[in-house]
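Undergrad: One file: coords_0.txt (compact mmCIF, C-alpha atoms).
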```
# COMPACT_ATOMS: atom_id res chain seq x y z
CA MET U 1 135.70 173.24 80.55
CA ALA U 2 135.00 173.15 84.24
CA ARG U 3 137.47 171.14 86.24
CA LYS U 4 135.67 168.40 88.14
CA SER U 5 136.59 167.49 91.66
CA THR U 6 138.39 164.17 92.14
CA ASN U 7 136.62 163.57 95.44
CA ILE U 8 133.91 160.97 95.14
CA ASP U 9 131.29 160.08 97.63
CA MET U 10 132.52 157.05 99.53
CA THR U 11 129.34 156.45 101.49
CA ALA U 12 127.85 153.95 99.07
CA MET U 13 131.06 152.00 98.78
CA CYS U 14 131.42 151.97 102.52
CA ASP U 15 127.90 150.60 102.84
CA VAL U 16 128.64 147.74 100.47
CA ALA U 17 131.92 146.97 102.15
CA PHE U 18 130.35 146.66 105.55
CA LEU U 19 127.40 144.70 104.26
CA LEU U 20 129.77 142.12 102.81
CA LEU U 21 131.82 142.21 105.97
CA THR U 22 128.77 141.42 108.05
CA PHE U 23 127.86 138.56 105.75
CA PHE U 24 131.27 136.93 105.91
CA MET U 25 131.54 137.45 109.63
CA LEU U 26 128.28 135.64 110.18
CA ALA U 27 129.10 132.93 107.67
CA THR U 28 132.43 132.18 109.29
CA LYS U 29 132.61 129.53 111.90
CA PHE U 30 135.90 129.28 113.66
CA LYS U 31 136.73 125.76 114.42
CA LYS U 32 139.58 124.11 116.18
CA ASP U 33 142.45 122.96 114.05
CA ASP U 34 142.26 119.30 113.33
CA PRO U 35 145.41 117.51 114.33
CA VAL U 36 145.82 116.22 110.78
CA MET U 37 145.02 117.36 107.29
CA VAL U 38 142.73 114.95 105.53
CA VAL U 39 141.78 115.15 101.87
CA THR U 40 138.42 113.48 101.50
CA PRO U 41 137.41 111.59 98.35
CA SER U 42 134.40 112.78 96.39
CA SER U 43 131.00 111.30 95.76
CA ILE U 44 127.69 112.41 94.27
CA SER U 45 125.97 112.27 97.64
CA GLN U 46 124.25 115.50 98.63
CA ILE U 47 123.54 114.88 102.30
CA THR U 48 125.17 117.59 104.37
CA VAL U 49 127.02 116.83 107.56
CA PRO U 50 124.93 117.77 110.58
CA ASP U 51 126.44 120.11 113.17
CA THR U 52 125.28 118.37 116.28
CA SER U 53 125.10 114.89 117.67
CA ILE U 54 128.00 113.70 115.61
CA MET U 55 130.95 111.51 116.32
CA MET U 56 133.82 111.89 113.92
CA ILE U 57 136.42 109.21 113.36
CA THR U 58 139.26 110.58 111.28
CA ILE U 59 141.74 108.25 109.60
CA ASP U 60 144.79 109.94 108.13
CA THR U 61 147.12 108.88 105.32
CA LYS U 62 149.26 106.82 107.66
CA GLY U 63 146.22 105.04 109.06
CA ARG U 64 146.26 106.86 112.39
CA VAL U 65 142.86 107.22 114.00
CA TYR U 66 141.51 110.38 115.66
CA PHE U 67 138.29 110.73 117.57
CA SER U 68 136.06 113.68 118.33
CA ILE U 69 132.48 114.53 119.16
CA ASP U 70 130.61 117.82 119.01
CA ARG U 71 129.86 119.83 122.13
CA LYS U 72 126.07 119.80 122.12
CA LYS U 73 124.77 118.21 125.27
CA VAL U 74 121.90 115.75 125.14
CA GLY U 75 119.85 114.94 128.20
CA ASP U 76 119.90 116.69 131.55
CA ARG U 77 123.30 115.69 132.83
CA ASP U 78 125.11 118.06 135.12
CA VAL U 79 127.92 118.95 132.73
CA ALA U 80 128.62 122.04 130.68
CA ASP U 81 128.67 120.17 127.37
CA ALA U 82 128.93 116.75 125.77
CA ARG U 83 132.71 116.81 125.47
CA LEU U 84 133.16 117.42 129.17
CA GLY U 85 130.71 114.63 129.91
CA LEU U 86 132.65 112.29 127.68
CA ILE U 87 136.05 112.99 129.21
CA ARG U 88 134.68 112.74 132.75
CA ASP U 89 133.23 109.32 132.04
CA MET U 90 136.37 108.28 130.26
CA ASN U 91 138.47 109.45 133.18
CA GLU U 92 136.43 107.28 135.49
CA TYR U 93 136.17 104.30 133.16
CA LYS U 94 139.82 104.08 132.23
CA LYS U 95 141.23 105.60 135.45
CA LEU U 96 143.16 108.24 133.58
CA GLY U 97 143.71 110.49 136.61
CA LEU U 98 143.03 113.71 134.75
CA SER U 99 142.76 116.98 136.63
CA ASP U 100 139.90 119.43 136.08
CA GLN U 101 142.23 121.64 134.10
CA GLU U 102 143.19 118.77 131.79
CA MET U 103 139.57 117.86 131.29
CA TYR U 104 138.86 121.48 130.43
CA GLN U 105 141.59 121.28 127.79
CA PHE U 106 139.83 118.30 126.26
CA GLN U 107 136.48 120.07 126.41
CA LYS U 108 137.62 123.03 124.37
CA GLY U 109 140.02 121.08 122.17
CA ALA U 110 139.54 119.33 118.85
CA ALA U 111 140.02 115.70 117.90
CA VAL U 112 142.33 113.56 119.98
CA GLY U 113 144.62 110.97 118.50
CA VAL U 114 146.73 109.68 121.34
CA PRO U 115 146.48 106.42 123.28
CA PHE U 116 145.06 106.61 126.82
CA SER U 117 148.54 106.17 128.23
CA GLN U 118 149.60 109.48 126.72
CA LEU U 119 146.34 111.36 127.18
CA LYS U 120 147.24 113.00 130.49
CA GLN U 121 150.55 114.23 129.19
CA TYR U 122 148.91 115.40 125.97
CA LEU U 123 146.17 117.40 127.67
CA SER U 124 148.52 119.08 130.11
CA SER U 125 150.82 120.30 127.33
CA PRO U 126 150.65 123.72 125.69
CA PRO U 127 149.32 123.81 122.08
CA ALA U 128 152.78 123.88 120.50
CA VAL U 129 153.82 120.72 122.33
CA GLN U 130 150.47 119.13 121.52
CA LYS U 131 151.20 119.62 117.83
CA GLN U 132 154.52 117.90 118.29
CA LEU U 133 152.89 115.03 120.17
CA ASP U 134 150.29 114.73 117.41
CA ALA U 135 153.03 114.35 114.85
CA GLN U 136 154.66 111.51 116.80
CA SER U 137 151.46 109.90 118.01
CA PRO U 138 150.49 106.46 116.69
CA GLY U 139 146.83 107.53 116.81
CA ILE U 140 144.12 105.87 118.86
CA PRO U 141 144.85 102.13 118.95
CA VAL U 142 142.32 100.10 116.94
CA ASP U 143 141.93 96.44 116.34
CA THR U 144 139.89 94.33 113.96
CA SER U 145 137.84 93.13 116.90
CA ALA U 146 135.83 95.50 119.07
CA ASP U 147 136.27 93.22 122.06
CA ALA U 148 140.06 93.32 122.02
CA PRO U 149 141.25 94.96 125.27
CA ASP U 150 143.62 97.29 123.43
CA ASN U 151 140.95 98.56 121.06
CA GLU U 152 140.74 102.04 122.54
CA LEU U 153 138.57 103.37 119.74
CA ALA U 154 135.87 100.95 120.85
CA ALA U 155 136.13 102.38 124.39
CA TRP U 156 135.71 105.93 123.08
CA ILE U 157 132.71 104.97 120.98
CA ARG U 158 131.14 103.02 123.80
CA VAL U 159 131.40 105.86 126.32
CA ALA U 160 130.28 108.49 123.80
CA ARG U 161 127.24 106.47 122.80
CA ASN U 162 126.42 105.81 126.41
CA ASN U 163 125.95 109.55 126.84
CA ASN U 164 124.14 110.09 123.58
CA PRO U 165 122.77 107.00 121.85
CA PHE U 166 121.74 109.04 118.83
CA LEU U 167 125.24 110.07 117.87
CA ARG U 168 125.68 109.89 114.15
CA ILE U 169 128.91 108.24 113.22
CA LEU U 170 131.01 109.90 110.57
CA ILE U 171 134.17 108.44 109.12
CA LYS U 172 136.55 110.87 107.53
CA GLY U 173 139.27 109.12 105.62
CA ASP U 174 142.01 110.42 103.41
CA VAL U 175 142.16 109.66 99.70
CA ASN U 176 145.42 107.79 100.25
CA THR U 177 144.49 105.96 103.43
CA LYS U 178 145.22 102.28 102.97
CA TYR U 179 142.19 100.05 103.10
CA PRO U 180 143.24 97.86 106.09
CA ALA U 181 143.18 100.92 108.38
CA VAL U 182 139.63 101.68 107.26
CA ASP U 183 138.66 98.04 107.59
CA LYS U 184 139.81 98.01 111.22
CA VAL U 185 137.53 100.93 112.03
CA ILE U 186 134.59 99.44 110.15
CA ASN U 187 135.13 96.10 111.89
CA THR U 188 135.30 97.82 115.26
CA LEU U 189 131.95 99.47 114.52
CA GLY U 190 130.56 96.18 113.23
CA GLY U 191 131.65 94.44 116.41
CA MET U 192 129.59 96.97 118.35
CA LYS U 193 126.57 96.27 116.14
CA ILE U 194 126.88 99.54 114.29
CA PHE U 195 126.24 98.83 110.65
CA ARG U 196 125.09 102.23 109.50
CA PHE U 197 127.41 105.18 109.35
CA ASN U 198 128.41 108.04 107.10
CA LEU U 199 131.52 108.63 105.08
CA ILE U 200 132.55 112.22 104.58
CA THR U 201 133.05 113.15 100.97
CA ASN U 202 133.28 116.16 98.73
CA LEU U 203 130.52 116.84 96.27
CA GLU U 204 131.14 115.92 92.66
CA ALA U 205 128.90 116.19 89.64
CA VAL U 206 126.75 113.26 88.61
CA PRO U 207 128.20 111.80 85.41
CA PRO U 208 125.76 112.22 82.50
CA GLY U 209 124.10 109.20 80.96
CA THR U 210 123.85 107.19 84.15
CA ALA U 211 120.90 106.01 86.21
CA ALA U 212 121.53 108.63 88.90
CA TYR U 213 121.79 111.37 86.27
CA GLU U 214 118.44 110.47 84.73
CA ASP U 215 116.94 110.38 88.20
CA ALA U 216 118.19 113.88 88.93
CA GLN U 217 116.87 115.10 85.58
CA LYS U 218 113.45 113.74 86.39
CA LYS U 219 113.43 115.44 89.77
CA ASN U 220 114.35 118.78 88.24
CA GLY U 221 111.52 118.40 85.76
CA MET X 222 129.27 200.70 112.54
CA ALA X 223 129.46 197.55 114.52
CA GLU X 224 126.04 196.52 113.36
CA LEU X 225 127.05 196.96 109.82
CA ASP X 226 130.04 194.77 110.37
CA THR X 227 128.09 191.73 111.54
CA SER X 228 125.50 191.90 108.83
CA SER X 229 128.19 191.80 106.25
CA GLY X 230 129.04 188.31 107.46
CA GLY X 231 125.80 187.09 106.02
CA SER X 232 124.80 185.12 109.08
CA HIS X 233 122.47 185.68 111.92
CA LYS X 234 122.82 188.77 113.86
CA LYS X 235 125.04 188.36 116.77
CA GLY X 236 125.95 190.73 119.44
CA PRO X 237 129.05 192.76 119.19
CA GLY X 238 132.19 190.92 120.18
CA VAL X 239 130.63 187.44 119.74
CA LYS X 240 132.95 185.38 117.63
CA LYS X 241 131.38 183.56 114.81
CA GLY X 242 131.97 179.80 115.13
CA LYS X 243 133.62 178.25 112.10
CA LYS X 244 131.07 176.10 110.34
CA LEU X 245 132.46 172.58 109.92
CA SER X 246 131.57 170.40 106.96
CA THR X 247 129.52 167.32 107.83
CA ARG X 248 131.37 165.33 105.22
CA ILE X 249 134.18 163.20 106.47
CA ASP X 250 136.68 161.31 104.43
CA LEU X 251 135.47 157.71 104.36
CA THR X 252 138.48 156.28 102.52
CA PRO X 253 140.24 154.79 105.58
CA MET X 254 137.01 153.24 106.74
CA VAL X 255 136.43 151.62 103.36
CA ASP X 256 140.02 150.40 103.41
CA LEU X 257 139.49 148.79 106.75
CA GLY X 258 136.19 147.32 105.65
CA PHE X 259 137.69 145.65 102.63
CA LEU X 260 140.66 144.41 104.59
CA LEU X 261 138.35 142.63 106.99
CA ILE X 262 136.23 141.29 104.13
CA THR X 263 139.32 139.79 102.57
CA PHE X 264 140.23 138.17 105.85
CA PHE X 265 136.81 136.65 106.40
CA MET X 266 136.55 135.56 102.78
CA TYR X 267 139.74 133.57 103.11
CA THR X 268 138.77 131.99 106.39
CA THR X 269 135.23 131.07 105.38
CA THR X 270 134.45 127.75 103.82
CA LEU X 271 131.00 128.13 102.43
CA ALA X 272 130.59 124.60 101.13
CA LYS X 273 129.81 122.24 103.95
CA PRO X 274 131.20 118.76 103.53
CA LYS X 275 128.81 116.11 102.29
CA THR X 276 128.38 112.65 103.55
CA MET X 277 127.51 109.35 102.04
CA GLU X 278 125.41 106.97 104.06
CA ILE X 279 126.54 103.37 104.13
CA ASN X 280 124.86 100.31 105.47
CA MET X 281 127.08 97.38 106.17
CA PRO X 282 125.69 93.86 106.07
CA PHE X 283 124.70 92.65 109.49
CA LYS X 284 127.38 90.45 110.91
CA ASP X 285 127.35 88.35 114.02
CA LYS X 286 129.73 85.71 115.25
CA ASN X 287 126.88 83.50 116.42
CA MET X 288 125.00 83.60 113.15
CA THR X 289 124.26 80.17 111.70
CA GLU X 290 124.75 79.32 108.05
CA GLU X 291 120.99 79.40 107.42
CA GLN X 292 120.64 82.90 108.81
CA LYS X 293 123.21 84.34 106.46
CA SER X 294 121.68 85.95 103.44
CA LYS X 295 122.23 84.05 100.28
CA VAL X 296 123.17 85.64 97.01
CA LYS X 297 122.15 84.08 93.73
CA SER X 298 125.23 83.48 91.67
CA SER X 299 123.47 84.54 88.47
CA THR X 300 122.66 88.02 89.74
CA ALA X 301 125.96 88.61 91.49
CA LEU X 302 128.90 90.64 90.34
CA THR X 303 132.10 90.59 92.32
CA VAL X 304 134.31 93.66 92.29
CA LEU X 305 137.85 93.31 93.56
CA LEU X 306 139.85 96.39 94.43
CA SER X 307 143.56 96.01 94.22
CA LYS X 308 146.91 97.72 93.86
CA ASP X 309 147.33 100.89 91.80
CA HIS X 310 143.59 101.60 91.87
CA ARG X 311 142.91 98.62 89.60
CA ILE X 312 139.46 97.10 89.68
CA TYR X 313 138.90 93.47 88.72
CA THR X 314 135.45 92.11 88.19
CA TYR X 315 133.94 88.74 87.55
CA ALA X 316 130.41 87.40 87.36
CA GLY X 317 129.15 85.35 90.25
CA ILE X 318 130.24 85.17 93.84
CA GLY X 319 133.29 82.96 93.35
CA ASP X 320 132.52 80.69 96.28
CA ASP X 321 132.85 77.44 94.38
CA PRO X 322 136.47 76.29 94.31
CA THR X 323 135.77 73.82 91.51
CA LYS X 324 134.62 76.59 89.21
CA PRO X 325 137.14 79.39 89.38
CA PRO X 326 136.03 82.74 87.96
CA VAL X 327 136.56 83.24 84.27
CA LEU X 328 139.39 85.52 83.26
CA ASP X 329 138.28 88.39 81.15
CA PRO X 330 140.71 91.15 80.26
CA ILE X 331 137.84 93.60 79.72
CA ASN X 332 137.10 93.33 83.39
CA ILE X 333 140.25 95.04 84.54
CA THR X 334 139.82 98.73 84.78
CA LYS X 335 141.63 101.58 86.40
CA SER X 336 138.69 103.95 86.43
CA THR X 337 135.18 103.69 87.70
CA VAL X 338 134.01 104.51 84.16
CA GLY X 339 135.13 101.04 83.12
CA LEU X 340 133.34 99.57 86.10
CA ARG X 341 130.21 101.43 85.06
CA LYS X 342 130.20 99.64 81.71
CA VAL X 343 130.52 96.28 83.43
CA ILE X 344 127.64 97.08 85.78
CA ILE X 345 125.39 98.26 82.97
CA ALA X 346 126.16 95.14 80.94
CA LYS X 347 125.38 92.96 83.95
CA LYS X 348 122.10 94.76 84.51
CA GLN X 349 121.09 94.18 80.89
CA GLU X 350 122.02 90.54 81.20
CA ILE X 351 119.82 90.20 84.29
CA ASP X 352 116.94 91.96 82.51
CA GLN X 353 117.18 89.45 79.69
CA LEU X 354 117.21 86.55 82.12
CA LYS X 355 114.13 87.99 83.78
CA GLN X 356 112.31 88.18 80.45
CA SER X 357 113.19 84.61 79.59
CA GLY X 358 111.82 83.53 82.96
CA VAL X 359 115.08 82.23 84.39
CA LEU X 360 115.02 84.87 87.12
CA THR X 361 112.00 86.14 89.00
CA PRO X 362 111.02 89.82 88.59
CA THR X 363 112.16 90.61 92.14
CA ASP X 364 115.72 89.52 91.44
CA GLN X 365 118.16 92.32 91.07
CA ILE X 366 121.84 92.88 90.60
CA THR X 367 123.91 92.24 93.70
CA VAL X 368 127.41 93.62 93.84
CA LEU X 369 129.98 92.21 96.22
CA ILE X 370 132.79 94.65 96.87
CA LYS X 371 136.00 93.07 98.07
CA PRO X 372 138.80 95.52 98.72
CA ASP X 373 142.24 93.97 98.96
CA THR X 374 144.74 95.18 101.54
CA ASN X 375 146.67 97.19 98.96
CA SER X 376 143.71 99.27 97.83
CA THR X 377 142.95 102.70 99.25
CA TYR X 378 140.02 104.34 100.97
CA LYS X 379 139.33 106.35 97.83
CA ASP X 380 138.94 103.18 95.77
CA MET X 381 136.34 101.95 98.20
CA VAL X 382 134.41 105.22 98.29
CA ASP X 383 134.53 105.49 94.50
CA VAL X 384 133.04 102.05 94.08
CA PHE X 385 130.34 102.74 96.69
CA ASP X 386 129.58 105.92 94.81
CA GLU X 387 129.41 104.00 91.55
CA MET X 388 126.66 101.88 93.10
CA THR X 389 124.61 105.01 93.76
CA ILE X 390 125.38 106.35 90.31
CA ASN X 391 124.18 103.17 88.63
CA ASP X 392 121.24 102.65 90.94
CA VAL X 393 122.49 99.34 92.30
CA LYS X 394 120.24 98.71 95.28
CA VAL X 395 121.97 95.72 96.79
CA TYR X 396 125.67 95.85 97.41
CA ALA X 397 127.91 94.84 100.24
CA LYS X 398 131.49 95.11 101.32
CA VAL X 399 132.80 91.63 101.86
CA ASP X 400 136.16 90.41 103.07
CA ILE X 401 138.44 89.26 100.30
CA THR X 402 139.22 85.55 100.07
CA ASN X 403 142.40 83.80 99.04
CA GLN X 404 140.65 82.54 95.95
CA ASP X 405 140.02 86.13 94.94
CA ARG X 406 143.66 86.95 95.49
CA ASP X 407 144.57 84.01 93.24
CA PHE X 408 142.21 85.35 90.64
CA ILE X 409 143.86 88.76 90.77
CA LYS X 410 147.29 87.15 90.48
CA LYS X 411 146.30 85.02 87.51
CA THR X 412 144.65 87.95 85.79
CA GLN X 413 147.72 90.05 86.33
CA GLU X 414 149.95 87.36 84.90
CA ALA X 415 147.69 86.81 81.92
CA ASN X 416 147.68 90.50 81.13
CA GLY X 417 151.24 91.34 81.99
CA ILE X 418 150.43 93.66 84.87
CA GLN X 419 153.04 94.06 87.52
```
Can the structure from this file be put into structure tokens for me?

TA:
Amino acid sequence: MARKSTNIDMTAMCDVAFLLLTFFMLATKFKKDDPVMVVTPSSISQITVPDTSIMMITIDTKGRVYFSIDRKKVGDRDVADARLGLIRDMNEYKKLGLSDQEMYQFQKGAAVGVPFSQLKQYLSSPPAVQKQLDAQSPGIPVDTSADAPDNELAAWIRVARNNNPFLRILIKGDVNTKYPAVDKVINTLGGMKIFRFNLITNLEAVPPGTAAYEDAQKKNG
Amino acid sequence: MAELDTSSGGSHKKGPGVKKGKKLSTRIDLTPMVDLGFLLITFFMYTTTLAKPKTMEINMPFKDKNMTEEQKSKVKSSTALTVLLSKDHRIYTYAGIGDDPTKPPVLDPINITKSTVGLRKVIIAKKQEIDQLKQSGVLTPTDQITVLIKPDTNSTYKDMVDVFDEMTINDVKVYAKVDITNQDRDFIKKTQEANGIQ
């Protein structure tokens, strides 16, 4: 019996490997670390979260509030992106005294969850210190009334919407977030005449035998 | 003699003294490249989240400080179902809107549930009841079930989202999140006492 060579042609395998590699590389989107981990509840809703023109209000387990918007610029303002526009306006509006470098840190950063009084210190710190500050931070101050002077979330929303009135408002709450914290945010929005917003959820299956299930069955034929 | 020598090599004739170049194989060992490829695939697979998060759209009832009593939308007590969210993910329900202090909501132990599956039964029963009332002409055909959701301070965000989701699941068109009243808190307390819930 002839002894067969143990060498096999690797070309095909190599092709597959790199095809998959290309796929995953393109499918990956690196995003900034959120300051907190939030486990979202699930719902049967199938609407996907848009990438642009969004404003995200995150509420963590302890009820701390974080705020962020996406970078896509709307309109012909002379700024690199929407986040820079937001922080510039905020700097002016609240007299934060931020330097260009600090504003740049905000522009490329993720969600912020510090009161205005700590914002300058937060933005001038290196990432490791920022993490520490995030852990100690009380979050963005919110109140049940949007008109309260210490309702800083209302100020963020106001300035962000001033730049882009079509911002879609997303609330991302944790499974264990206590209701009063959520209520404060909803009341703040309500006080600003915002009655429509989105809650971020995970997808779950429609339970069989319900009205929504029958509806889905009909749609699928 | 020299000519004979070169021809014995089996290749093209070359001049005397020209060294024959060693013919290299075009095959290279691809194993390290495949290794690298799969290593990177593994990395990207772990970092990728393919499922994008979903969102649920919510409309809150319009609220304004300057709104007069007449402008506020009225809910018919016969079509209303009040859902109270309380401690330990418990859900208490009662028929009606519970705005009349002289007629406190009726205690019903069936209406305490820890899961939304229990709530589903209550909603379906209420819908059937409304359908019957429509047939008997007590309610007009345009009347539909109205659910008032009142989360208490000791409920969680998940409870609220689950109940909102239950509205979509059961095709309840009209529902609203309303602030809880002290009467509702009393109702919860009484129900808890009557059923031995801590």

Undergrad: Kindly determine which residues of chain U lie within 9 Å of chain X, considering all atoms listed in the file, and give the answer as a PyMOL selection string.

TA: chain U and resi 9-11+13-15+17-18+20-25+27-30+40-49+170+173-182+186+190-191+193-203+206-207+210-213

Undergrad: With 10 Å as the threshold, what does the neighbourhood of (126.6, 93.6, 83.9) contain in terms of residues, counting all atoms listed in the file? Coordinates are those of the file; answer as a list of chain:residue names.

TA: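 Protein and nucleic acid residues near the point are X:Thr300, X:Ala301, X:Leu302, X:Thr314, X:Tyr315, X:Ala316, X:Leu340, X:Arg341, X:Lys342, X:Val343, X:Ile344, X:Ile345, X:Ala346, X:Lys347, X:Lys348, X:Gln349, X:Glu350, X:Ile351, X:Asp352, X:Ile366, X:Val368.
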
Undergrad: Around (134.6, 105.1, 130.7), as given in the file, which residues come within 9 Å? Count all atoms listed in the file and list them as a VMD selection string.

TA: chain U and resid 86 to 95 155 to 156 158 to 160

Undergrad: Work out how far apart atom CA of Phe67 of chain U and atom CA of Lys172 of chain U are and give it in Å to one decimal.

TA: 10.2 Å

Undergrad: Using all atoms listed in the file, which residues sit within 7 Å of segment 81-84 of chain U once same-chain residues fewer than 3 positions away are excluded, as a list in words?

TA: Ile69, Asp70, Arg71, Lys72, Lys73, Ile87, Arg88, Met103 and Gln107 of chain U

Undergrad: Could you write out that same residue set with C-alpha atoms as an mmCIF file, keeping the file's coordinate frame?

TA:
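Saved as result.cif:
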```
data_model
loop_
_atom_site.group_PDB
_atom_site.id
_atom_site.type_symbol
_atom_site.label_atom_id
_atom_site.label_comp_id
_atom_site.auth_asym_id
_atom_site.auth_seq_id
_atom_site.Cartn_x
_atom_site.Cartn_y
_atom_site.Cartn_z
ATOM 1 C CA ILE U 69 132.480 114.530 119.160
ATOM 2 C CA ASP U 70 130.610 117.820 119.010
ATOM 3 C CA ARG U 71 129.860 119.830 122.130
ATOM 4 C CA LYS U 72 126.070 119.800 122.120
ATOM 5 C CA LYS U 73 124.770 118.210 125.270
ATOM 6 C CA ILE U 87 136.050 112.990 129.210
ATOM 7 C CA ARG U 88 134.680 112.740 132.750
ATOM 8 C CA MET U 103 139.570 117.860 131.290
ATOM 9 C CA GLN U 107 136.480 120.070 126.410
#
```

Undergrad: Would you work out the distance separating atom CA of Gly339 of chain X from atom CA of Val304 of chain X, expressed in Å to one decimal?

TA: 11.8 Å

Undergrad: Which distance in Å separates atom CA of Arg161 of chain U and atom CA of Val39 of chain U, to one decimal?

TA: 26.9 Å

Undergrad: Do a neighbour search on Pro115 of chain U at 12 Å with all atoms listed in the file, toss out local chain neighbours closer than 2 positions, and write the hits as a PyMOL selection string.

TA: chain U and resi 64-67+94+96+112-113+117-123+133-134+136-142+150-153+155-156

Undergrad: Could you turn the residues from that selection into a file that holds C-alpha atoms, as a short mmCIF file (atom, residue, chain, number, x, y, z; two decimals), keeping the file's coordinate frame?

TA:
```
data_model
loop_
_atom_site.label_atom_id
_atom_site.label_comp_id
_atom_site.auth_asym_id
_atom_site.auth_seq_id
_atom_site.Cartn_x
_atom_site.Cartn_y
_atom_site.Cartn_z
CA ARG U 64 146.26 106.86 112.39
CA VAL U 65 142.86 107.22 114.00
CA TYR U 66 141.51 110.38 115.66
CA PHE U 67 138.29 110.73 117.57
CA LYS U 94 139.82 104.08 132.23
CA LEU U 96 143.16 108.24 133.58
CA VAL U 112 142.33 113.56 119.98
CA GLY U 113 144.62 110.97 118.50
CA SER U 117 148.54 106.17 128.23
CA GLN U 118 149.60 109.48 126.72
CA LEU U 119 146.34 111.36 127.18
CA LYS U 120 147.24 113.00 130.49
CA GLN U 121 150.55 114.23 129.19
CA TYR U 122 148.91 115.40 125.97
CA LEU U 123 146.17 117.40 127.67
CA LEU U 133 152.89 115.03 120.17
CA ASP U 134 150.29 114.73 117.41
CA GLN U 136 154.66 111.51 116.80
CA SER U 137 151.46 109.90 118.01
CA PRO U 138 150.49 106.46 116.69
CA GLY U 139 146.83 107.53 116.81
CA ILE U 140 144.12 105.87 118.86
CA PRO U 141 144.85 102.13 118.95
CA VAL U 142 142.32 100.10 116.94
CA ASP U 150 143.62 97.29 123.43
CA ASN U 151 140.95 98.56 121.06
CA GLU U 152 140.74 102.04 122.54
CA LEU U 153 138.57 103.37 119.74
CA ALA U 155 136.13 102.38 124.39
CA TRP U 156 135.71 105.93 123.08
#
```
